[in-house]
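Just upload.cif here, mmCIF, C-alpha atoms and all ligand atoms:
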```cif
data_input
loop_
_atom_site.label_atom_id
_atom_site.label_comp_id
_atom_site.auth_asym_id
_atom_site.auth_seq_id
_atom_site.Cartn_x
_atom_site.Cartn_y
_atom_site.Cartn_z
CA MET A 404 -33.28 71.80 65.49
CA LYS A 405 -36.89 71.40 64.30
CA VAL A 406 -38.03 73.29 61.21
CA GLN A 407 -41.73 73.66 60.59
CA PHE A 408 -42.98 74.38 57.08
CA THR A 409 -45.07 77.28 58.34
CA ASN A 410 -46.12 78.61 61.68
CA LEU A 411 -48.71 81.31 61.06
CA TYR A 412 -48.83 82.27 64.73
CA LYS A 413 -45.09 83.04 64.68
CA ALA A 414 -45.23 84.70 61.27
CA ASN A 415 -47.98 87.09 62.40
CA ARG A 416 -46.61 87.70 65.90
CA ALA A 417 -45.18 91.17 65.23
CA ASN A 418 -48.66 92.45 64.32
CA HIS A 419 -50.69 90.67 67.00
CA ARG A 420 -51.06 93.58 69.41
CA LYS A 421 -52.36 95.93 66.70
CA ILE A 422 -54.63 93.24 65.24
CA PHE A 423 -56.25 92.26 68.54
CA GLN A 424 -56.85 95.92 69.43
CA LYS A 425 -58.44 96.49 66.05
CA ILE A 426 -60.72 93.43 66.33
CA ASN A 427 -61.83 94.60 69.77
CA GLN A 428 -62.69 98.00 68.37
CA LEU A 429 -64.64 96.57 65.42
CA VAL A 430 -66.65 94.30 67.70
CA LYS A 431 -67.46 97.25 69.96
CA ASP A 432 -68.49 99.30 66.93
CA ASN A 433 -70.66 96.48 65.50
CA GLN A 434 -68.60 96.57 62.31
CA PHE A 435 -68.76 93.12 60.76
CA VAL A 436 -69.72 93.35 57.11
CA GLY A 437 -68.77 96.11 54.67
CA GLY A 438 -68.01 99.57 56.01
CA LYS A 439 -64.90 101.71 56.33
CA GLU A 440 -62.31 98.97 56.79
CA VAL A 441 -63.35 97.12 53.63
CA LEU A 442 -63.40 100.29 51.52
CA ALA A 443 -60.05 101.39 52.93
CA PHE A 444 -58.47 98.00 52.20
CA GLU A 445 -59.74 98.05 48.60
CA LYS A 446 -58.23 101.51 48.19
CA GLU A 447 -54.89 100.55 49.74
CA PHE A 448 -54.61 97.26 47.87
CA LYS A 449 -55.30 98.80 44.46
CA LYS A 450 -52.67 101.44 45.26
CA PHE A 451 -50.19 98.70 46.20
CA ILE A 452 -50.83 96.85 42.91
CA LYS A 453 -51.05 100.14 40.98
CA ALA A 454 -54.42 99.16 39.48
CA LYS A 455 -57.47 101.38 39.01
CA TYR A 456 -60.11 99.16 40.65
CA CYS A 457 -60.22 96.60 43.42
CA VAL A 458 -63.34 94.60 44.34
CA SER A 459 -62.96 92.56 47.51
CA VAL A 460 -64.70 89.17 47.76
CA GLY A 461 -64.97 86.17 50.08
CA ASN A 462 -62.01 84.15 48.76
CA GLY A 463 -59.80 83.58 45.71
CA THR A 464 -62.07 80.89 44.24
CA ASP A 465 -65.06 83.25 44.31
CA ALA A 466 -62.82 85.90 42.74
CA LEU A 467 -62.07 83.55 39.82
CA GLU A 468 -65.73 82.60 39.33
CA ILE A 469 -66.91 86.21 39.48
CA ALA A 470 -64.16 87.48 37.18
CA ILE A 471 -65.01 84.82 34.58
CA GLU A 472 -68.72 85.64 34.84
CA SER A 473 -68.00 89.36 34.39
CA LEU A 474 -66.33 88.66 31.03
CA ASN A 475 -69.67 87.33 29.75
CA PHE A 476 -68.43 84.88 27.10
CA LYS A 477 -70.74 82.85 24.90
CA LYS A 478 -71.52 79.45 26.49
CA GLY A 479 -69.03 76.80 25.40
CA SER A 480 -66.12 79.21 24.93
CA GLU A 481 -62.68 77.68 25.53
CA ILE A 482 -60.57 78.80 28.49
CA ILE A 483 -56.92 77.77 28.81
CA VAL A 484 -55.50 76.89 32.24
CA PRO A 485 -52.03 75.55 33.16
CA VAL A 486 -52.19 72.00 34.43
CA ASN A 487 -50.03 72.57 37.52
CA THR A 488 -52.03 74.84 39.80
CA TRP A 489 -54.40 74.67 42.74
CA ILE A 490 -57.74 73.15 41.66
CA SER A 491 -59.62 76.50 41.96
CA THR A 492 -58.19 77.80 38.68
CA ALA A 493 -59.69 74.88 36.71
CA GLU A 494 -62.73 74.40 38.92
CA SER A 495 -63.93 77.96 38.33
CA VAL A 496 -63.86 77.30 34.56
CA SER A 497 -65.72 73.97 34.89
CA ARG A 498 -68.40 75.60 37.00
CA SER A 499 -68.81 78.51 34.58
CA GLY A 500 -70.16 76.20 31.87
CA HIS A 501 -67.25 77.02 29.55
CA LYS A 502 -64.83 74.51 28.12
CA LEU A 503 -61.66 73.87 30.12
CA VAL A 504 -58.47 73.36 28.08
CA PHE A 505 -55.27 72.29 29.84
CA CYS A 506 -51.88 73.67 28.90
CA ASP A 507 -48.43 72.37 29.82
CA ILE A 508 -46.01 74.23 32.09
CA ASP A 509 -42.42 75.32 31.62
CA LEU A 510 -40.09 73.27 33.82
CA ASP A 511 -37.71 76.20 34.31
CA ASP A 512 -40.15 78.29 36.33
CA TYR A 513 -43.39 76.19 36.49
CA THR A 514 -45.53 78.82 34.76
CA ILE A 515 -47.56 78.25 31.56
CA ASP A 516 -45.53 76.88 28.63
CA ILE A 517 -45.64 79.29 25.70
CA LYS A 518 -44.97 76.66 23.01
CA ASP A 519 -47.86 74.51 24.18
CA LEU A 520 -50.06 77.57 24.69
CA LYS A 521 -49.72 78.44 21.00
CA LYS A 522 -50.90 74.92 20.12
CA LYS A 523 -53.97 75.25 22.33
CA ILE A 524 -55.43 78.37 20.72
CA THR A 525 -58.50 77.77 18.54
CA SER A 526 -61.23 80.00 17.13
CA LYS A 527 -63.22 79.25 20.31
CA THR A 528 -60.49 80.37 22.74
CA LYS A 529 -61.77 83.37 24.64
CA LEU A 530 -59.62 83.45 27.77
CA ILE A 531 -56.17 82.47 29.04
CA ILE A 532 -55.62 82.21 32.80
CA PRO A 533 -51.88 82.43 33.47
CA VAL A 534 -51.09 81.43 37.06
CA HIS A 535 -48.11 83.20 38.65
CA LEU A 536 -47.31 79.98 40.47
CA TYR A 537 -45.12 79.90 43.60
CA GLY A 538 -44.74 83.70 43.31
CA CYS A 539 -43.09 83.68 39.86
CA ALA A 540 -44.62 85.81 37.11
CA SER A 541 -45.71 84.07 33.90
CA LYS A 542 -44.19 85.23 30.61
CA MET A 543 -46.72 88.00 30.17
CA ASN A 544 -45.14 89.62 27.08
CA ASP A 545 -45.49 86.38 25.12
CA ILE A 546 -48.97 85.67 26.50
CA ASN A 547 -50.16 89.18 25.66
CA ALA A 548 -48.73 88.96 22.14
CA ILE A 549 -50.62 85.70 21.53
CA ALA A 550 -53.86 86.99 23.08
CA ARG A 551 -53.98 90.42 21.44
CA LYS A 552 -53.70 89.02 17.92
CA LYS A 553 -56.84 86.91 18.44
CA ASN A 554 -58.83 89.15 20.74
CA ILE A 555 -58.43 86.71 23.62
CA LYS A 556 -58.79 88.04 27.18
CA ILE A 557 -56.34 87.43 30.01
CA LEU A 558 -57.28 86.73 33.62
CA GLU A 559 -54.17 86.64 35.82
CA ASP A 560 -54.35 84.23 38.76
CA CYS A 561 -52.20 86.08 41.31
CA ALA A 562 -53.34 84.02 44.31
CA GLN A 563 -49.69 83.14 45.07
CA ALA A 564 -48.05 86.33 43.85
CA HIS A 565 -48.94 89.46 45.84
CA GLY A 566 -46.33 92.04 44.88
CA THR A 567 -44.55 89.91 42.26
CA LYS A 568 -43.25 92.10 39.43
CA TYR A 569 -42.79 91.44 35.74
CA LYS A 570 -40.68 93.99 33.87
CA ASN A 571 -41.07 96.26 36.89
CA LYS A 572 -44.87 96.15 36.89
CA LYS A 573 -46.85 94.34 39.55
CA VAL A 574 -48.76 91.25 38.45
CA GLY A 575 -52.46 91.97 38.48
CA THR A 576 -52.04 94.82 36.00
CA LEU A 577 -50.71 92.83 33.05
CA GLY A 578 -53.94 91.39 31.62
CA ASP A 579 -57.61 92.40 31.49
CA ILE A 580 -58.53 91.35 35.01
CA ALA A 581 -56.79 89.58 37.91
CA ILE A 582 -57.57 87.75 41.12
CA PHE A 583 -55.87 87.43 44.51
CA SER A 584 -56.43 85.11 47.47
CA PHE A 585 -55.85 86.11 51.09
CA PHE A 586 -56.09 82.56 52.48
CA PRO A 587 -54.10 82.55 55.77
CA GLY A 588 -51.14 80.63 54.30
CA LYS A 589 -50.66 83.03 51.40
CA ASN A 590 -47.82 85.59 51.54
CA LEU A 591 -50.45 88.22 52.30
CA GLY A 592 -52.93 86.21 54.33
CA ALA A 593 -55.94 87.08 56.47
CA TYR A 594 -57.09 85.26 59.64
CA GLY A 595 -59.71 83.44 57.59
CA ASP A 596 -60.78 83.50 53.95
CA GLY A 597 -60.51 86.54 51.71
CA GLY A 598 -60.00 87.48 48.09
CA ALA A 599 -59.98 90.34 45.61
CA ILE A 600 -60.46 91.13 41.94
CA VAL A 601 -58.29 93.82 40.44
CA THR A 602 -58.62 95.50 37.04
CA ASN A 603 -58.05 98.72 35.12
CA ASN A 604 -61.33 98.18 33.25
CA LYS A 605 -64.19 100.25 34.70
CA PHE A 606 -66.91 98.14 33.08
CA LEU A 607 -65.50 94.85 34.41
CA ALA A 608 -65.02 96.31 37.90
CA LYS A 609 -68.65 97.42 37.91
CA ARG A 610 -69.87 93.99 36.75
CA CYS A 611 -67.85 92.23 39.46
CA LYS A 612 -69.18 94.61 42.11
CA LEU A 613 -72.73 93.83 41.06
CA ILE A 614 -72.25 90.05 40.78
CA LYS A 615 -70.70 89.76 44.26
CA ASN A 616 -73.54 91.76 45.85
CA HIS A 617 -76.75 90.07 44.64
CA GLY A 618 -76.70 92.07 41.41
CA ALA A 619 -77.08 95.33 43.35
CA PHE A 620 -74.98 98.39 44.18
CA ASN A 621 -77.44 99.47 46.85
CA LYS A 622 -79.77 97.45 49.05
CA TYR A 623 -82.94 96.28 47.24
CA ASP A 624 -81.74 97.68 43.90
CA HIS A 625 -81.15 94.38 42.06
CA HIS A 626 -80.26 94.51 38.37
CA PHE A 627 -79.92 90.70 37.88
CA PRO A 628 -79.53 87.62 40.07
CA GLY A 629 -76.03 87.79 41.51
CA ARG A 630 -74.55 86.09 44.56
CA ASN A 631 -73.03 86.92 47.93
CA SER A 632 -69.26 87.06 48.30
CA ARG A 633 -67.80 89.40 50.90
CA LEU A 634 -64.50 90.16 52.53
CA ASP A 635 -65.59 90.88 56.10
CA ALA A 636 -64.54 93.93 58.09
CA ILE A 637 -62.29 92.01 60.50
CA GLN A 638 -60.34 90.34 57.68
CA ALA A 639 -60.07 93.66 55.81
CA SER A 640 -58.67 95.38 58.91
CA ILE A 641 -56.12 92.58 59.46
CA LEU A 642 -55.02 92.77 55.83
CA ARG A 643 -54.61 96.55 56.12
CA ILE A 644 -52.27 96.10 59.06
CA LYS A 645 -50.30 93.34 57.33
CA LEU A 646 -50.04 95.23 54.02
CA LYS A 647 -48.08 98.01 55.78
CA SER A 648 -45.11 95.76 56.47
CA TYR A 649 -45.59 93.42 53.52
CA THR A 650 -42.57 94.52 51.46
CA ARG A 651 -40.29 93.51 54.34
CA LYS A 652 -41.68 89.97 54.15
CA ILE A 653 -40.90 89.72 50.47
CA ASN A 654 -37.38 90.95 51.01
CA LYS A 655 -36.84 88.31 53.70
CA ARG A 656 -38.14 85.55 51.42
CA ASN A 657 -35.75 86.74 48.68
CA GLU A 658 -32.86 86.74 51.16
CA LEU A 659 -33.60 83.11 52.14
CA ALA A 660 -34.03 82.03 48.50
CA LYS A 661 -30.55 83.44 47.77
CA VAL A 662 -29.07 81.11 50.41
CA TYR A 663 -30.82 78.09 48.87
CA TYR A 664 -29.56 79.05 45.38
CA LYS A 665 -25.98 79.57 46.54
CA GLU A 666 -25.70 76.37 48.54
CA LEU A 667 -27.72 73.95 46.42
CA LYS A 668 -26.51 74.95 42.96
CA ASN A 669 -23.75 72.35 42.87
CA ILE A 670 -25.95 69.38 43.70
CA PHE A 671 -26.52 68.08 40.17
CA GLU A 672 -29.27 65.70 41.32
CA ILE A 673 -31.47 68.72 42.14
CA SER A 674 -33.06 71.15 39.64
CA LEU A 675 -33.52 74.56 41.21
CA PRO A 676 -36.28 76.89 40.00
CA LYS A 677 -34.90 79.29 37.38
CA LYS A 678 -35.44 82.90 38.25
CA PRO A 679 -36.37 84.72 35.01
CA LYS A 680 -34.44 87.98 34.74
CA ASP A 681 -37.57 90.08 34.16
CA VAL A 682 -39.21 88.83 37.36
CA HIS A 683 -39.13 90.16 40.91
CA HIS A 684 -40.10 86.92 42.67
CA THR A 685 -42.05 86.74 45.92
CA TYR A 686 -41.19 83.10 46.74
CA HIS A 687 -44.54 81.91 47.95
CA GLN A 688 -42.88 78.51 47.58
CA PHE A 689 -39.30 77.39 46.91
CA VAL A 690 -39.76 74.24 44.82
CA ILE A 691 -36.94 71.88 43.88
CA ARG A 692 -37.18 68.94 41.48
CA LEU A 693 -35.41 65.61 41.87
CA ASN A 694 -35.83 61.92 41.16
CA LYS A 695 -35.25 60.86 44.76
CA ARG A 696 -38.03 63.14 46.02
CA ASN A 697 -39.74 60.65 48.32
CA GLN A 698 -36.47 59.49 49.85
CA LEU A 699 -35.29 63.05 50.50
CA LYS A 700 -38.67 64.04 51.97
CA LYS A 701 -38.51 61.06 54.32
CA TYR A 702 -34.90 61.79 55.29
CA LEU A 703 -35.70 65.44 56.07
CA LYS A 704 -38.72 64.38 58.13
CA LYS A 705 -36.49 62.04 60.14
CA ASN A 706 -34.33 65.09 60.80
CA TYR A 707 -37.36 67.13 61.99
CA ILE A 708 -37.66 69.21 58.81
CA GLN A 709 -41.16 69.59 57.38
CA THR A 710 -41.58 69.86 53.62
CA MET A 711 -44.66 69.92 51.38
CA ILE A 712 -45.65 69.15 47.79
CA HIS A 713 -47.35 71.70 45.56
CA TYR A 714 -48.97 69.74 44.01
CA PRO A 715 -48.75 65.94 44.31
CA TYR A 716 -50.83 65.51 41.11
CA MET A 717 -51.30 67.44 37.90
CA LEU A 718 -54.95 68.44 37.43
CA ASN A 719 -55.39 66.13 34.42
CA GLU A 720 -54.65 63.20 36.76
CA LEU A 721 -57.85 63.85 38.71
CA SER A 722 -60.47 61.29 37.69
CA PHE A 723 -62.99 63.92 36.51
CA TYR A 724 -60.36 65.80 34.44
CA LYS A 725 -58.84 62.77 32.68
CA LYS A 726 -60.60 63.50 29.39
CA ILE A 727 -60.24 67.27 29.29
CA LYS A 728 -59.18 68.89 26.03
CA GLY A 729 -55.48 69.45 25.55
CA ILE A 730 -53.99 66.66 27.65
CA SER A 731 -52.31 64.75 24.80
CA SER A 732 -49.59 67.40 24.45
CA LEU A 733 -48.79 67.72 28.15
CA LYS A 734 -45.18 66.53 28.14
CA ASN A 735 -43.22 68.54 30.72
CA SER A 736 -45.75 67.99 33.45
CA ILE A 737 -45.92 64.19 33.16
CA ASN A 738 -45.33 62.73 36.64
CA LEU A 739 -44.18 66.12 37.88
CA GLY A 740 -46.11 65.67 41.11
CA LYS A 741 -43.77 62.79 41.98
CA ARG A 742 -40.59 64.84 41.55
CA ILE A 743 -41.25 68.22 43.16
CA LEU A 744 -40.62 69.23 46.75
CA SER A 745 -41.39 72.54 48.47
CA LEU A 746 -38.72 73.53 51.00
CA PRO A 747 -39.55 75.78 53.96
CA ILE A 748 -39.38 79.50 53.13
CA SER A 749 -41.18 82.26 55.00
CA GLU A 750 -40.52 85.54 56.74
CA ASP A 751 -40.53 83.61 59.98
CA HIS A 752 -37.62 81.29 59.06
CA SER A 753 -34.09 82.25 60.03
CA ILE A 754 -30.99 81.94 57.87
CA SER A 755 -29.65 79.36 60.33
CA GLU A 756 -32.78 77.24 59.83
CA ILE A 757 -32.31 77.39 56.05
CA LYS A 758 -28.61 76.47 56.48
CA PHE A 759 -29.63 73.54 58.67
CA ILE A 760 -31.99 72.29 55.91
CA ILE A 761 -29.19 72.70 53.34
CA GLU A 762 -26.72 70.83 55.54
CA LYS A 763 -29.13 67.89 55.76
CA ILE A 764 -29.79 67.91 52.00
CA LYS A 765 -26.02 67.87 51.37
CA LYS A 766 -25.63 65.02 53.81
CA PHE A 767 -28.39 63.10 52.01
CA PHE A 768 -26.48 63.43 48.75
CA LYS A 769 -23.16 62.92 50.62
CA LYS A 770 -21.76 66.21 49.31
C1 LIG B 1 -53.21 79.47 42.27
C2 LIG B 1 -54.42 79.60 43.14
N1 LIG B 1 -55.57 80.04 42.60
C3 LIG B 1 -56.69 80.19 43.34
C4 LIG B 1 -56.70 79.91 44.69
C5 LIG B 1 -57.98 80.01 45.44
O1 LIG B 1 -57.94 80.84 46.55
P1 LIG B 1 -58.87 80.57 47.83
O2 LIG B 1 -58.28 79.45 48.59
O3 LIG B 1 -58.79 81.88 48.57
O4 LIG B 1 -60.23 80.28 47.35
C6 LIG B 1 -55.51 79.48 45.30
C7 LIG B 1 -55.48 79.17 46.74
O5 LIG B 1 -54.95 78.23 47.21
C8 LIG B 1 -54.34 79.31 44.51
O6 LIG B 1 -53.20 78.90 45.04
#
```
Serialized structure, structure tokens:
Amino acid sequence: MKVQFTNLYKANRANHRKIFQKINQLVKDNQFVGGKEVLAFEKEFKKFIKAKYCVSVGNGTDALEIAIESLNFKKGSEIIVPVNTWISTAESVSRSGHKLVFCDIDLDDYTIDIKDLKKKITSKTKLIIPVHLYGCASKMNDINAIARKKNIKILEDCAQAHGTKYKNKKVGTLGDIAIFSFFPGKNLGAYGDGGAIVTNNKFLAKRCKLIKNHGAFNKYDHHFPGRNSRLDAIQASILRIKLKSYTRKINKRNELAKVYYKELKNIFEISLPKKPKDVHHTYHQFVIRLNKRNQLKKYLKKNYIQTMIHYPYMLNELSFYKKIKGISSLKNSINLGKRILSLPISEDHSISEIKFIIEKIKKFFKK
């Protein structure tokens, strides 16, 4: 048996007929930018998240940059970002002209570490960006309690967590503003780039809408210099089709995660991700931690099983982030990139594939 990490063609197969028909129609109708499909997707996505406003944009990185700009902090404000995330979360802060501060992560669930977060707050802290990494919600009650006391804003990075719930509420509604990515490999992915900003704050939604459209609501009506960031009509229509059956995907991922938990729990050499009881997880990734990571990865590859690493470095290990504020207290994340391994998990994997992976892992540890 061969197990690929992801096969987007296979994962999207059930929707192909509808998607190709829709693309055909849009091309015939000359619908490429803006229009009905984009507006309908924004409406359907905000309903799915149960948020008041949704502003679609070109990708998740743009969404972060635009959301930060909309908050309009004084130059040099401090923004706290967990050190284990995709570079976009930190990059958007660096490019905003504000001061990036790194925070450690909790090894139980890989989200921002609350103890270290408390240490990182100063009078200049204006924003915390919790990342709901791998589909697991951050500890939003604690983060909100810290932020509210000091009038600090919260921007949720939900790029990996479409539909994840925390205390029965969808992520994206638990801070001041939130972003999503629809990169093809995400749980809810387009056939190209895409992103969205979600908020319950009318003023912020309006600012984001202006920034992403050259500072204008209507053509030639510019209020300030903005930029161009659009979700195109074809991507919006694909996302609309995929959103309809999205819950089924999440259920399948949860079903597969259950098999991993049951079968791997007795291998003491492996640390499984802890599933916090308040979280409905969406398993964008299933990440295990072990000292013999490289050996296991190699062994699985020899047995035709693809795995990945999210991420092979912590952001403070990048040469240009080596001197960023906050790194001296990063303890949990030291060398983490050398010990984590993402196992295959997607709606397109079968239980027998997951059992095959488990069998090989057990064999590796001679269990
Ligand atoms: C946590 C996180 N934030 C932001 C992004 C950026 O999204 P995009 O690739 O759509 O720009 C990603 C995408 O990989 C991500 O995983």
Within 6 Å of ligand LIG 1 (chain B), counting only C-alpha atoms and all ligand atoms, residues as a ChimeraX atom specification: /A:462-464,488-489,491-492,534,560,562-563,584-586,596-598
Listed atoms of region 485-501 of chain A boxed along x, y and z, 5 Å each side, centre and edge lengths in Å, one decimal, as JSON:
```
{"center_x": -60.1, "center_y": 75.3, "center_z": 36.1, "size_x": 30.1, "size_y": 16.5, "size_z": 23.2}
```
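For the choices A:Ser632, A:Gln688, A:Ser731, A:Asn544, the atom-to-atom distance to Ser745 (chain A) is smallest for A:Gln688 when using all atoms listed in the file.
Neighbouring residues of Leu411 (chain A) at 8 Å or closer, counting only C-alpha atoms and skipping chain neighbours under 3 positions away, are A:Ala414, A:Asn415, A:Pro587, A:Gly588.
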Gap from CA of Asn631 (chain A) to CA of His617 (chain A) - Å, one decimal: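 Those two atoms sit 5.9 Å apart.
CA of Ser749 (chain A) is found 22.9 Å from CA of Asn571 (chain A).
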Using all atoms listed in the file: which of A:Phe627, A:Phe723, A:Tyr663, A:Phe606 has the shortest distance to Ser755 (chain A): A:Tyr663
Spatial neighbours of region 516-532 of chain A, max dist 7 Å, all atoms listed in the file, sep filter under 2 positions, as a list in words: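 Near region 516-532 of chain A, the qualifying residues are Ser480, Glu481, Ile482, Ile483, Val484, Cys506, Asp507, Ile508, Asp509, Thr514, Val534, Ile555, Lys556, Ile557, Leu558, Glu559, Asp560 and Gly729 of chain A.
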Distance query Tyr724 (chain A) at most 12 Å, all atoms listed in the file, self and fewer than 6 positions along chain excluded, as a ChimeraX atom specification: /A:486,490,493-494,497,502-505,716-718,730
Keeping only C-alpha atoms, write those residues as a short mmCIF file (atom, residue, chain, number, x, y, z; two decimals), in the coordinates of the input.
```
data_model
loop_
_atom_site.label_atom_id
_atom_site.label_comp_id
_atom_site.auth_asym_id
_atom_site.auth_seq_id
_atom_site.Cartn_x
_atom_site.Cartn_y
_atom_site.Cartn_z
CA VAL A 486 -52.19 72.00 34.43
CA ILE A 490 -57.74 73.15 41.66
CA ALA A 493 -59.69 74.88 36.71
CA GLU A 494 -62.73 74.40 38.92
CA SER A 497 -65.72 73.97 34.89
CA LYS A 502 -64.83 74.51 28.12
CA LEU A 503 -61.66 73.87 30.12
CA VAL A 504 -58.47 73.36 28.08
CA PHE A 505 -55.27 72.29 29.84
CA TYR A 716 -50.83 65.51 41.11
CA MET A 717 -51.30 67.44 37.90
CA LEU A 718 -54.95 68.44 37.43
CA ILE A 730 -53.99 66.66 27.65
#
```
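The space separating CA of Lys612 (chain A) from CA of Lys439 (chain A) comes to 16.5 Å.
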